[in-house]
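Presented below is the structure to which this report refers.
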Protein chains: 2
Amino acid sequence: MNTTSELLTIQQVSEITGLSVHTLRYYERIGLIYPIDRAQNTHRRYSSDDLGWIDFLLKLRATGMSIQDMQRYAELQCEGEHTLPERLEMMKAHRLKVEGQMRELQEHLDLICSKIGFYEEEIAAKNLN
Amino acid sequence: MNTTSELLTIQQVSEITGLSVHTLRYYERIGLIYPIDRAQNTHRRYSSDDLGWIDFLLKLRATGMSIQDMQRYAELQCEGEHTLPERLEMMKAHRLKVEGQMRELQEHLDLICSKIGFYEEEIAAKNLN
DNA sequence: TATTGACTTAGAGCGCGCTCTAAATTGTAG
DNA sequence: CTACAATTTAGAGCGCGCTCTAAGTCAATA
């Protein structure tokens, strides 16, 4: 319940998120993460809000959003509430993209599965195994 | 039904597959595509077998297989029938990977969808739209 | 006081997967 | 025969997303 104790060093955030400290600083430099508060004016101290944002970024990244698009999204977030509609549109567009990806993945997966079946038959027929 | 007429130039294969002529030559150079037959000893002439292989490569690529792994697979294919078991193992491992990818994608997609719902509510509440 | 170690910045470097260039050769149409 | 388009090779270059380096600051410990 102590606010101060909830603040994390870059090391700790690195361990929690799986991002390297280099990458954390890189993301901040390029505007993916807005400037983190500092202790004694130098060392970064991450809040749980910062962690939440990073977590969301990672989900966008994992679904194939480019850094450029994430930058745009972060920019809108900073600009405030009047950008909500545009952010909504971005998310909707991204949802469509991810759904398309998944359909494509499923199709190709089906082919791979049939290839596996074919291999198994062939191996059985030739007693290779 | 004429065998000769089925052979395609690199241009034609580029148009059919969507790969640039540069990429087609690049894939051949690095061993992803085994040496294509030549007309008059210089210009490439692609057979329908070649096309089939390229098509399969593209499906592996679309499901996130690295060039390195595809190279290994192509190598095994060239070595002949005794590599069938190893190729089968590669495909099975790849299937697992793709299935994992899809599960992860689905999870993140769910989050994006809930974010969309949240945005819509917020926008409605504030009459931003 | 000296050392250790976590942190800072700006900027260079890297692996991947292409993508393009240069210079030469070949094929085709007028 | 001439001109132009398509092809060839070897190798350089590029965009993305990190990843690492160098040089320096600062805090805590021996």
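Scheme for the structure tokens: letters A, B, ... for chains in order shown; per-chain residue numbers from 1; ligand numbers from 1 in order shown.
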
So that each row is one residue of chain B with an atom at most 7 Å from chain A, can you give its shortest atom pair and the distance in Å to one decimal, using only C-alpha atoms, rows by chain and rising number, as JSON lines?
{"residue": "B:Lys59", "atom": "CA", "partner": "A:His108", "partner_atom": "CA", "distance": 5.8}
{"residue": "B:Thr63", "atom": "CA", "partner": "A:Leu105", "partner_atom": "CA", "distance": 5.9}
{"residue": "B:Leu84", "atom": "CA", "partner": "A:Tyr119", "partner_atom": "CA", "distance": 6.8}
{"residue": "B:Leu88", "atom": "CA", "partner": "A:Ile116", "partner_atom": "CA", "distance": 6.1}
{"residue": "B:Met91", "atom": "CA", "partner": "A:Ile116", "partner_atom": "CA", "distance": 6.5}
{"residue": "B:Lys92", "atom": "CA", "partner": "A:Ile116", "partner_atom": "CA", "distance": 6.9}
{"residue": "B:Arg95", "atom": "CA", "partner": "A:Leu109", "partner_atom": "CA", "distance": 6.7}
{"residue": "B:Met102", "atom": "CA", "partner": "A:Met102", "partner_atom": "CA", "distance": 6.6}
{"residue": "B:Leu105", "atom": "CA", "partner": "A:Thr63", "partner_atom": "CA", "distance": 5.9}
{"residue": "B:His108", "atom": "CA", "partner": "A:Lys59", "partner_atom": "CA", "distance": 5.8}
{"residue": "B:Leu109", "atom": "CA", "partner": "A:Arg95", "partner_atom": "CA", "distance": 6.7}
{"residue": "B:Ile112", "atom": "CA", "partner": "A:Met91", "partner_atom": "CA", "distance": 6.8}
{"residue": "B:Ile116", "atom": "CA", "partner": "A:Leu88", "partner_atom": "CA", "distance": 6.1}
{"residue": "B:Tyr119", "atom": "CA", "partner": "A:Leu88", "partner_atom": "CA", "distance": 6.1}
{"residue": "B:Ile123", "atom": "CA", "partner": "A:Leu84", "partner_atom": "CA", "distance": 6.8}

For the residues in the current selection, export C-alpha atoms as a CSV table (one decimal), in the first residue's frame.
chain,number,residue,atom,x,y,z
B,59,LYS,CA,3.1,-21.7,-46.9
B,63,THR,CA,3.4,-19.8,-40.9
B,84,LEU,CA,11.5,-38.9,-44.6
B,88,LEU,CA,8.2,-35.7,-40.7
B,91,MET,CA,6.7,-30.9,-39.8
B,92,LYS,CA,5.3,-32.1,-36.5
B,95,ARG,CA,2.7,-27.8,-36.4
B,102,MET,CA,-2.5,-19.4,-32.9
B,105,LEU,CA,-2.8,-14.8,-31.1
B,108,HIS,CA,-4.3,-11.3,-27.4
B,109,LEU,CA,-7.1,-10.9,-29.9
B,112,ILE,CA,-8.0,-6.3,-28.1
B,116,ILE,CA,-12.6,-2.1,-28.3
B,119,TYR,CA,-13.4,2.4,-26.0
B,123,ILE,CA,-16.9,7.3,-26.4

Neighbours of chain D in chain B at 10 Å, counting only C-alpha atoms (C1' of nucleotides), as an MDAnalysis selection string
chainID B and resid 9:11 42:44

Would you mind exporting the chosen residues as a PDB file, in the first residue's frame, restricted to C-alpha atoms?
ATOM      1  CA  THR B   9      10.217 -17.814 -67.308  1.00  0.00           C
ATOM      2  CA  ILE B  10      11.287 -16.159 -64.072  1.00  0.00           C
ATOM      3  CA  GLN B  11       8.984 -13.240 -64.912  1.00  0.00           C
ATOM      4  CA  THR B  42      21.352 -19.493 -69.386  1.00  0.00           C
ATOM      5  CA  HIS B  43      17.740 -18.433 -68.757  1.00  0.00           C
ATOM      6  CA  ARG B  44      15.775 -20.272 -66.086  1.00  0.00           C
TER       7      ARG B  44
END

Within chain B, find each residue whose DSSP state, derived from the backbone, is strand (DSSP E or B), and express the selection as a PDB file with C-alpha atoms, in the first residue's frame.
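And here is the file that came out, states-v6.pdb:
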ATOM      1  CA  LEU B   8       7.799 -20.734 -67.304  1.00  0.00           C
ATOM      2  CA  ARG B  38      18.024 -23.622 -68.012  1.00  0.00           C
ATOM      3  CA  ALA B  39      17.000 -22.979 -71.591  1.00  0.00           C
ATOM      4  CA  HIS B  43      17.740 -18.433 -68.757  1.00  0.00           C
ATOM      5  CA  ARG B  44      15.775 -20.272 -66.086  1.00  0.00           C
ATOM      6  CA  TYR B  46      10.512 -23.329 -64.183  1.00  0.00           C
TER       7      TYR B  46
END

Where does DSSP see alpha helix (DSSP H) in segment 11-90 of chain A, if you list the residues as a PyMOL selection string?
chain A and resi 11-17+21-29+48-62+67-79+84-90

I'd like the superposed chain A, fitted onto chain B by least squares over all Cα atoms in order, as a tab-separated table (two decimals) with N, CA and C atoms, in the first residue's frame.
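Generated output (out_30.tsv):
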chain	number	residue	atom	x	y	z
A	1	MET	N	-0.72	-30.07	-72.88
A	1	MET	CA	-0.13	-31.40	-72.83
A	1	MET	C	1.29	-31.40	-73.37
A	2	ASN	N	1.71	-30.25	-73.91
A	2	ASN	CA	3.07	-30.12	-74.42
A	2	ASN	C	3.99	-29.76	-73.27
A	3	THR	N	4.99	-30.60	-73.03
A	3	THR	CA	5.88	-30.41	-71.89
A	3	THR	C	6.61	-29.07	-71.96
A	4	THR	N	7.09	-28.75	-73.14
A	4	THR	CA	7.86	-27.53	-73.31
A	4	THR	C	7.04	-26.30	-72.97
A	5	SER	N	5.80	-26.28	-73.40
A	5	SER	CA	4.97	-25.10	-73.20
A	5	SER	C	4.64	-24.87	-71.73
A	6	GLU	N	4.85	-25.88	-70.90
A	6	GLU	CA	4.56	-25.72	-69.49
A	6	GLU	C	5.69	-25.03	-68.72
A	7	LEU	N	6.82	-24.91	-69.38
A	7	LEU	CA	7.96	-24.28	-68.71
A	7	LEU	C	7.79	-22.78	-68.67
A	8	LEU	N	8.10	-22.20	-67.53
A	8	LEU	CA	7.83	-20.77	-67.33
A	8	LEU	C	9.12	-19.99	-67.12
A	9	THR	N	9.10	-18.74	-67.56
A	9	THR	CA	10.24	-17.85	-67.31
A	9	THR	C	10.16	-17.33	-65.88
A	10	ILE	N	11.26	-16.72	-65.46
A	10	ILE	CA	11.31	-16.19	-64.09
A	10	ILE	C	10.26	-15.10	-63.91
A	11	GLN	N	10.04	-14.32	-64.95
A	11	GLN	CA	9.01	-13.28	-64.94
A	11	GLN	C	7.64	-13.86	-64.61
A	12	GLN	N	7.30	-14.90	-65.35
A	12	GLN	CA	5.99	-15.52	-65.18
A	12	GLN	C	5.83	-16.10	-63.78
A	13	VAL	N	6.90	-16.75	-63.31
A	13	VAL	CA	6.83	-17.33	-61.97
A	13	VAL	C	6.69	-16.22	-60.93
A	14	SER	N	7.35	-15.12	-61.19
A	14	SER	CA	7.24	-13.97	-60.30
A	14	SER	C	5.79	-13.50	-60.21
A	15	GLU	N	5.15	-13.41	-61.38
A	15	GLU	CA	3.76	-12.95	-61.39
A	15	GLU	C	2.82	-13.94	-60.70
A	16	ILE	N	3.07	-15.21	-60.94
A	16	ILE	CA	2.21	-16.24	-60.35
A	16	ILE	C	2.36	-16.31	-58.83
A	17	THR	N	3.62	-16.28	-58.38
A	17	THR	CA	3.86	-16.51	-56.95
A	17	THR	C	3.80	-15.24	-56.11
A	18	GLY	N	4.00	-14.10	-56.78
A	18	GLY	CA	4.07	-12.85	-56.01
A	18	GLY	C	5.46	-12.56	-55.47
A	19	LEU	N	6.39	-13.48	-55.70
A	19	LEU	CA	7.78	-13.22	-55.31
A	19	LEU	C	8.45	-12.41	-56.42
A	20	SER	N	9.33	-11.50	-56.06
A	20	SER	CA	10.04	-10.75	-57.09
A	20	SER	C	11.07	-11.65	-57.76
A	21	VAL	N	11.48	-11.29	-58.96
A	21	VAL	CA	12.50	-12.10	-59.64
A	21	VAL	C	13.79	-12.12	-58.81
A	22	HIS	N	14.06	-11.01	-58.15
A	22	HIS	CA	15.23	-10.95	-57.26
A	22	HIS	C	15.13	-12.02	-56.17
A	23	THR	N	13.96	-12.10	-55.58
A	23	THR	CA	13.77	-13.05	-54.48
A	23	THR	C	13.84	-14.48	-54.99
A	24	LEU	N	13.29	-14.72	-56.17
A	24	LEU	CA	13.35	-16.08	-56.74
A	24	LEU	C	14.81	-16.51	-56.92
A	25	ARG	N	15.61	-15.61	-57.47
A	25	ARG	CA	17.03	-15.94	-57.66
A	25	ARG	C	17.73	-16.08	-56.32
A	26	TYR	N	17.37	-15.19	-55.38
A	26	TYR	CA	17.95	-15.24	-54.03
A	26	TYR	C	17.65	-16.58	-53.37
A	27	TYR	N	16.41	-17.03	-53.44
A	27	TYR	CA	16.03	-18.30	-52.83
A	27	TYR	C	16.82	-19.46	-53.44
A	28	GLU	N	17.06	-19.37	-54.74
A	28	GLU	CA	17.82	-20.43	-55.39
A	28	GLU	C	19.28	-20.40	-54.93
A	29	ARG	N	19.83	-19.21	-54.86
A	29	ARG	CA	21.23	-19.03	-54.44
A	29	ARG	C	21.49	-19.62	-53.07
A	30	ILE	N	20.54	-19.40	-52.16
A	30	ILE	CA	20.76	-19.85	-50.79
A	30	ILE	C	20.27	-21.29	-50.57
A	31	GLY	N	19.83	-21.92	-51.64
A	31	GLY	CA	19.48	-23.34	-51.53
A	31	GLY	C	18.07	-23.64	-51.07
A	32	LEU	N	17.22	-22.63	-51.09
A	32	LEU	CA	15.81	-22.89	-50.74
A	32	LEU	C	15.11	-23.55	-51.91
A	33	ILE	N	15.55	-23.18	-53.11
A	33	ILE	CA	15.02	-23.78	-54.34
A	33	ILE	C	16.22	-24.44	-55.01
A	34	TYR	N	16.10	-25.71	-55.35
A	34	TYR	CA	17.28	-26.35	-55.95
A	34	TYR	C	17.42	-25.88	-57.40
A	35	PRO	N	18.65	-25.94	-57.96
A	35	PRO	CA	18.95	-25.32	-59.25
A	35	PRO	C	17.91	-25.59	-60.32
A	36	ILE	N	17.37	-24.51	-60.85
A	36	ILE	CA	16.34	-24.58	-61.88
A	36	ILE	C	16.98	-24.89	-63.23
A	37	ASP	N	16.32	-25.71	-64.02
A	37	ASP	CA	16.81	-26.02	-65.37
A	37	ASP	C	16.93	-24.76	-66.21
A	38	ARG	N	17.84	-24.79	-67.18
A	38	ARG	CA	18.05	-23.63	-68.02
A	38	ARG	C	17.71	-23.92	-69.47
A	39	ALA	N	17.24	-22.87	-70.16
A	39	ALA	CA	17.07	-22.95	-71.60
A	39	ALA	C	18.34	-22.36	-72.20
A	40	GLN	N	18.85	-22.94	-73.23
A	40	GLN	CA	20.10	-22.46	-73.87
A	40	GLN	C	21.21	-22.23	-72.84
A	41	ASN	N	21.14	-23.02	-71.79
A	41	ASN	CA	22.18	-22.95	-70.76
A	41	ASN	C	22.26	-21.65	-69.96
A	42	THR	N	21.31	-20.73	-70.16
A	42	THR	CA	21.38	-19.52	-69.34
A	42	THR	C	20.05	-19.20	-68.64
A	43	HIS	N	19.01	-18.92	-69.39
A	43	HIS	CA	17.75	-18.48	-68.78
A	43	HIS	C	17.02	-19.62	-68.06
A	44	ARG	N	16.52	-19.29	-66.86
A	44	ARG	CA	15.80	-20.30	-66.09
A	44	ARG	C	14.46	-20.66	-66.72
A	45	ARG	N	14.12	-21.95	-66.63
A	45	ARG	CA	12.80	-22.42	-67.06
A	45	ARG	C	12.21	-23.23	-65.94
A	46	TYR	N	11.14	-22.71	-65.35
A	46	TYR	CA	10.53	-23.36	-64.18
A	46	TYR	C	9.49	-24.38	-64.60
A	47	SER	N	9.54	-25.55	-64.01
A	47	SER	CA	8.55	-26.61	-64.25
A	47	SER	C	7.41	-26.48	-63.25
A	48	SER	N	6.36	-27.23	-63.46
A	48	SER	CA	5.24	-27.15	-62.51
A	48	SER	C	5.63	-27.76	-61.16
A	49	ASP	N	6.59	-28.69	-61.19
A	49	ASP	CA	7.12	-29.21	-59.93
A	49	ASP	C	7.80	-28.09	-59.14
A	50	ASP	N	8.58	-27.28	-59.85
A	50	ASP	CA	9.25	-26.15	-59.20
A	50	ASP	C	8.21	-25.24	-58.56
A	51	LEU	N	7.16	-24.97	-59.32
A	51	LEU	CA	6.08	-24.10	-58.81
A	51	LEU	C	5.45	-24.69	-57.55
A	52	GLY	N	5.25	-25.99	-57.58
A	52	GLY	CA	4.65	-26.67	-56.42
A	52	GLY	C	5.53	-26.51	-55.18
A	53	TRP	N	6.81	-26.67	-55.38
A	53	TRP	CA	7.75	-26.52	-54.27
A	53	TRP	C	7.74	-25.09	-53.73
A	54	ILE	N	7.76	-24.13	-54.63
A	54	ILE	CA	7.75	-22.72	-54.21
A	54	ILE	C	6.48	-22.41	-53.42
A	55	ASP	N	5.38	-22.97	-53.91
A	55	ASP	CA	4.11	-22.78	-53.22
A	55	ASP	C	4.16	-23.31	-51.79
A	56	PHE	N	4.77	-24.45	-51.64
A	56	PHE	CA	4.89	-25.05	-50.31
A	56	PHE	C	5.79	-24.19	-49.42
A	57	LEU	N	6.91	-23.74	-49.98
A	57	LEU	CA	7.81	-22.85	-49.26
A	57	LEU	C	7.06	-21.63	-48.73
A	58	LEU	N	6.22	-21.07	-49.59
A	58	LEU	CA	5.47	-19.87	-49.20
A	58	LEU	C	4.53	-20.15	-48.04
A	59	LYS	N	4.01	-21.34	-48.00
A	59	LYS	CA	3.13	-21.69	-46.88
A	59	LYS	C	3.92	-21.85	-45.59
A	60	LEU	N	5.10	-22.44	-45.72
A	60	LEU	CA	5.97	-22.54	-44.54
A	60	LEU	C	6.35	-21.14	-44.06
A	61	ARG	N	6.70	-20.29	-45.01
A	61	ARG	CA	7.07	-18.92	-44.67
A	61	ARG	C	5.92	-18.19	-43.99
A	62	ALA	N	4.73	-18.35	-44.56
A	62	ALA	CA	3.55	-17.66	-44.02
A	62	ALA	C	3.22	-18.12	-42.61
A	63	THR	N	3.66	-19.32	-42.26
A	63	THR	CA	3.41	-19.80	-40.90
A	63	THR	C	4.61	-19.55	-40.00
A	64	GLY	N	5.52	-18.69	-40.49
A	64	GLY	CA	6.59	-18.22	-39.61
A	64	GLY	C	7.84	-19.08	-39.56
A	65	MET	N	8.00	-20.02	-40.50
A	65	MET	CA	9.24	-20.79	-40.48
A	65	MET	C	10.39	-19.91	-40.98
A	66	SER	N	11.54	-20.01	-40.30
A	66	SER	CA	12.69	-19.19	-40.69
A	66	SER	C	13.33	-19.76	-41.95
A	67	ILE	N	14.06	-18.91	-42.64
A	67	ILE	CA	14.77	-19.33	-43.84
A	67	ILE	C	15.73	-20.46	-43.49
A	68	GLN	N	16.36	-20.37	-42.35
A	68	GLN	CA	17.30	-21.41	-41.94
A	68	GLN	C	16.61	-22.78	-41.88
A	69	ASP	N	15.45	-22.82	-41.26
A	69	ASP	CA	14.73	-24.09	-41.15
A	69	ASP	C	14.26	-24.57	-42.52
A	70	MET	N	13.83	-23.64	-43.36
A	70	MET	CA	13.40	-24.05	-44.70
A	70	MET	C	14.59	-24.59	-45.49
A	71	GLN	N	15.76	-24.00	-45.27
A	71	GLN	CA	16.97	-24.50	-45.93
A	71	GLN	C	17.24	-25.94	-45.51
A	72	ARG	N	17.14	-26.19	-44.23
A	72	ARG	CA	17.36	-27.53	-43.71
A	72	ARG	C	16.37	-28.51	-44.33
A	73	TYR	N	15.12	-28.08	-44.42
A	73	TYR	CA	14.08	-28.93	-44.98
A	73	TYR	C	14.37	-29.24	-46.45
A	74	ALA	N	14.77	-28.23	-47.20
A	74	ALA	CA	15.08	-28.39	-48.62
A	74	ALA	C	16.25	-29.35	-48.80
A	75	GLU	N	17.22	-29.20	-47.93
A	75	GLU	CA	18.41	-30.07	-47.96
A	75	GLU	C	18.00	-31.53	-47.78
A	76	LEU	N	17.14	-31.77	-46.79
A	76	LEU	CA	16.68	-33.14	-46.52
A	76	LEU	C	15.93	-33.70	-47.73
A	77	GLN	N	15.10	-32.86	-48.31
A	77	GLN	CA	14.32	-33.28	-49.48
A	77	GLN	C	15.25	-33.74	-50.60
A	78	CYS	N	16.35	-33.00	-50.79
A	78	CYS	CA	17.32	-33.35	-51.82
A	78	CYS	C	18.03	-34.66	-51.52
A	79	GLU	N	18.23	-34.92	-50.25
A	79	GLU	CA	18.99	-36.11	-49.87
A	79	GLU	C	18.23	-37.40	-50.14
A	80	GLY	N	16.94	-37.28	-50.33
A	80	GLY	CA	16.18	-38.46	-50.73
A	80	GLY	C	15.30	-39.03	-49.64
A	81	GLU	N	14.78	-40.18	-49.97
A	81	GLU	CA	13.72	-40.84	-49.22
A	81	GLU	C	14.10	-41.21	-47.79
A	82	HIS	N	15.38	-41.46	-47.57
A	82	HIS	CA	15.77	-41.90	-46.22
A	82	HIS	C	15.65	-40.76	-45.20
A	83	THR	N	15.40	-39.54	-45.68
A	83	THR	CA	15.23	-38.42	-44.76
A	83	THR	C	13.75	-38.18	-44.43
A	84	LEU	N	12.89	-39.03	-44.94
A	84	LEU	CA	11.45	-38.85	-44.67
A	84	LEU	C	11.14	-38.75	-43.17
A	85	PRO	N	11.69	-39.62	-42.35
A	85	PRO	CA	11.38	-39.52	-40.92
A	85	PRO	C	11.76	-38.16	-40.32
A	86	GLU	N	12.93	-37.67	-40.72
A	86	GLU	CA	13.36	-36.38	-40.16
A	86	GLU	C	12.46	-35.25	-40.67
A	87	ARG	N	12.07	-35.34	-41.93
A	87	ARG	CA	11.16	-34.32	-42.46
A	87	ARG	C	9.82	-34.37	-41.73
A	88	LEU	N	9.37	-35.57	-41.46
A	88	LEU	CA	8.13	-35.72	-40.70
A	88	LEU	C	8.26	-35.04	-39.33
A	89	GLU	N	9.38	-35.27	-38.68
A	89	GLU	CA	9.59	-34.65	-37.37
A	89	GLU	C	9.58	-33.14	-37.46
A	90	MET	N	10.23	-32.61	-38.50
A	90	MET	CA	10.24	-31.16	-38.69
A	90	MET	C	8.83	-30.61	-38.83
A	91	MET	N	8.03	-31.30	-39.63
A	91	MET	CA	6.66	-30.83	-39.86
A	91	MET	C	5.83	-30.90	-38.58
A	92	LYS	N	6.05	-31.97	-37.81
A	92	LYS	CA	5.31	-32.10	-36.56
A	92	LYS	C	5.69	-30.99	-35.58
A	93	ALA	N	7.00	-30.72	-35.50
A	93	ALA	CA	7.47	-29.66	-34.62
A	93	ALA	C	6.89	-28.32	-35.07
A	94	HIS	N	6.86	-28.13	-36.38
A	94	HIS	CA	6.34	-26.87	-36.90
A	94	HIS	C	4.85	-26.74	-36.62
A	95	ARG	N	4.14	-27.86	-36.75
A	95	ARG	CA	2.71	-27.83	-36.45
A	95	ARG	C	2.46	-27.38	-35.01
A	96	LEU	N	3.24	-27.94	-34.10
A	96	LEU	CA	3.11	-27.54	-32.69
A	96	LEU	C	3.35	-26.05	-32.53
A	97	LYS	N	4.38	-25.55	-33.20
A	97	LYS	CA	4.73	-24.14	-33.09
A	97	LYS	C	3.59	-23.27	-33.59
A	98	VAL	N	3.05	-23.64	-34.74
A	98	VAL	CA	1.97	-22.84	-35.34
A	98	VAL	C	0.73	-22.88	-34.46
A	99	GLU	N	0.44	-24.05	-33.90
A	99	GLU	CA	-0.72	-24.16	-33.02
A	99	GLU	C	-0.54	-23.26	-31.80
A	100	GLY	N	0.68	-23.22	-31.28
A	100	GLY	CA	0.97	-22.33	-30.15
A	100	GLY	C	0.78	-20.88	-30.52
A	101	GLN	N	1.30	-20.50	-31.68
A	101	GLN	CA	1.14	-19.15	-32.20
A	101	GLN	C	-0.33	-18.76	-32.25
A	102	MET	N	-1.13	-19.70	-32.75
A	102	MET	CA	-2.55	-19.40	-32.93
A	102	MET	C	-3.25	-19.20	-31.59
A	103	ARG	N	-2.88	-20.02	-30.62
A	103	ARG	CA	-3.47	-19.87	-29.29
A	103	ARG	C	-3.11	-18.50	-28.70
A	104	GLU	N	-1.83	-18.13	-28.85
A	104	GLU	CA	-1.37	-16.85	-28.33
A	104	GLU	C	-2.10	-15.70	-29.02
A	105	LEU	N	-2.19	-15.82	-30.33
A	105	LEU	CA	-2.86	-14.81	-31.12
A	105	LEU	C	-4.30	-14.64	-30.64
A	106	GLN	N	-4.96	-15.76	-30.40
A	106	GLN	CA	-6.36	-15.73	-29.97
A	106	GLN	C	-6.51	-15.02	-28.62
A	107	GLU	N	-5.60	-15.33	-27.70
A	107	GLU	CA	-5.63	-14.68	-26.39
A	107	GLU	C	-5.50	-13.16	-26.51
A	108	HIS	N	-4.51	-12.75	-27.28
A	108	HIS	CA	-4.26	-11.31	-27.42
A	108	HIS	C	-5.40	-10.65	-28.16
A	109	LEU	N	-5.96	-11.38	-29.11
A	109	LEU	CA	-7.09	-10.84	-29.86
A	109	LEU	C	-8.26	-10.58	-28.91
A	110	ASP	N	-8.47	-11.49	-27.98
A	110	ASP	CA	-9.55	-11.33	-27.01
A	110	ASP	C	-9.35	-10.03	-26.23
A	111	LEU	N	-8.10	-9.76	-25.86
A	111	LEU	CA	-7.82	-8.55	-25.12
A	111	LEU	C	-8.11	-7.31	-25.96
A	112	ILE	N	-7.71	-7.39	-27.22
A	112	ILE	CA	-7.95	-6.27	-28.12
A	112	ILE	C	-9.46	-6.02	-28.25
A	113	CYS	N	-10.21	-7.10	-28.35
A	113	CYS	CA	-11.66	-6.97	-28.46
A	113	CYS	C	-12.26	-6.31	-27.22
A	114	SER	N	-11.74	-6.69	-26.07
A	114	SER	CA	-12.30	-6.10	-24.85
A	114	SER	C	-11.92	-4.63	-24.77
A	115	LYS	N	-10.73	-4.30	-25.27
A	115	LYS	CA	-10.30	-2.90	-25.33
A	115	LYS	C	-11.25	-2.11	-26.24
A	116	ILE	N	-11.64	-2.73	-27.32
A	116	ILE	CA	-12.56	-2.07	-28.26
A	116	ILE	C	-13.89	-1.80	-27.57
A	117	GLY	N	-14.38	-2.80	-26.84
A	117	GLY	CA	-15.64	-2.63	-26.10
A	117	GLY	C	-15.54	-1.49	-25.11
A	118	PHE	N	-14.43	-1.43	-24.43
A	118	PHE	CA	-14.20	-0.39	-23.44
A	118	PHE	C	-14.18	1.00	-24.08
A	119	TYR	N	-13.50	1.10	-25.20
A	119	TYR	CA	-13.45	2.36	-25.93
A	119	TYR	C	-14.84	2.82	-26.36
A	120	GLU	N	-15.60	1.86	-26.87
A	120	GLU	CA	-16.93	2.21	-27.35
A	120	GLU	C	-17.80	2.76	-26.23
A	121	GLU	N	-17.72	2.12	-25.08
A	121	GLU	CA	-18.47	2.59	-23.91
A	121	GLU	C	-18.05	4.00	-23.53
A	122	GLU	N	-16.74	4.19	-23.48
A	122	GLU	CA	-16.20	5.47	-23.04
A	122	GLU	C	-16.60	6.58	-23.99
A	123	ILE	N	-16.53	6.27	-25.28
A	123	ILE	CA	-16.91	7.26	-26.28
A	123	ILE	C	-18.39	7.60	-26.17
A	124	ALA	N	-19.20	6.56	-25.98
A	124	ALA	CA	-20.64	6.78	-25.84
A	124	ALA	C	-20.92	7.64	-24.60
A	125	ALA	N	-20.26	7.32	-23.49
A	125	ALA	CA	-20.48	8.02	-22.23
A	125	ALA	C	-20.10	9.50	-22.34
A	126	LYS	N	-19.08	9.77	-23.10
A	126	LYS	CA	-18.61	11.16	-23.19
A	126	LYS	C	-19.14	11.86	-24.43
A	127	ASN	N	-19.98	11.17	-25.17
A	127	ASN	CA	-20.56	11.76	-26.38
A	127	ASN	C	-19.50	12.34	-27.31
A	128	LEU	N	-18.43	11.60	-27.46
A	128	LEU	CA	-17.35	12.08	-28.34
A	128	LEU	C	-17.68	11.83	-29.80
A	129	ASN	N	-18.67	10.97	-29.98
A	129	ASN	CA	-19.02	10.67	-31.36
A	129	ASN	C	-20.52	10.73	-31.58

Which residues of chain C are close to chain A, meaning at most 10 Å apart when you count only C-alpha atoms (C1' of nucleotides), and how do they look as a PyMOL selection string?
chain C and resi 6-8
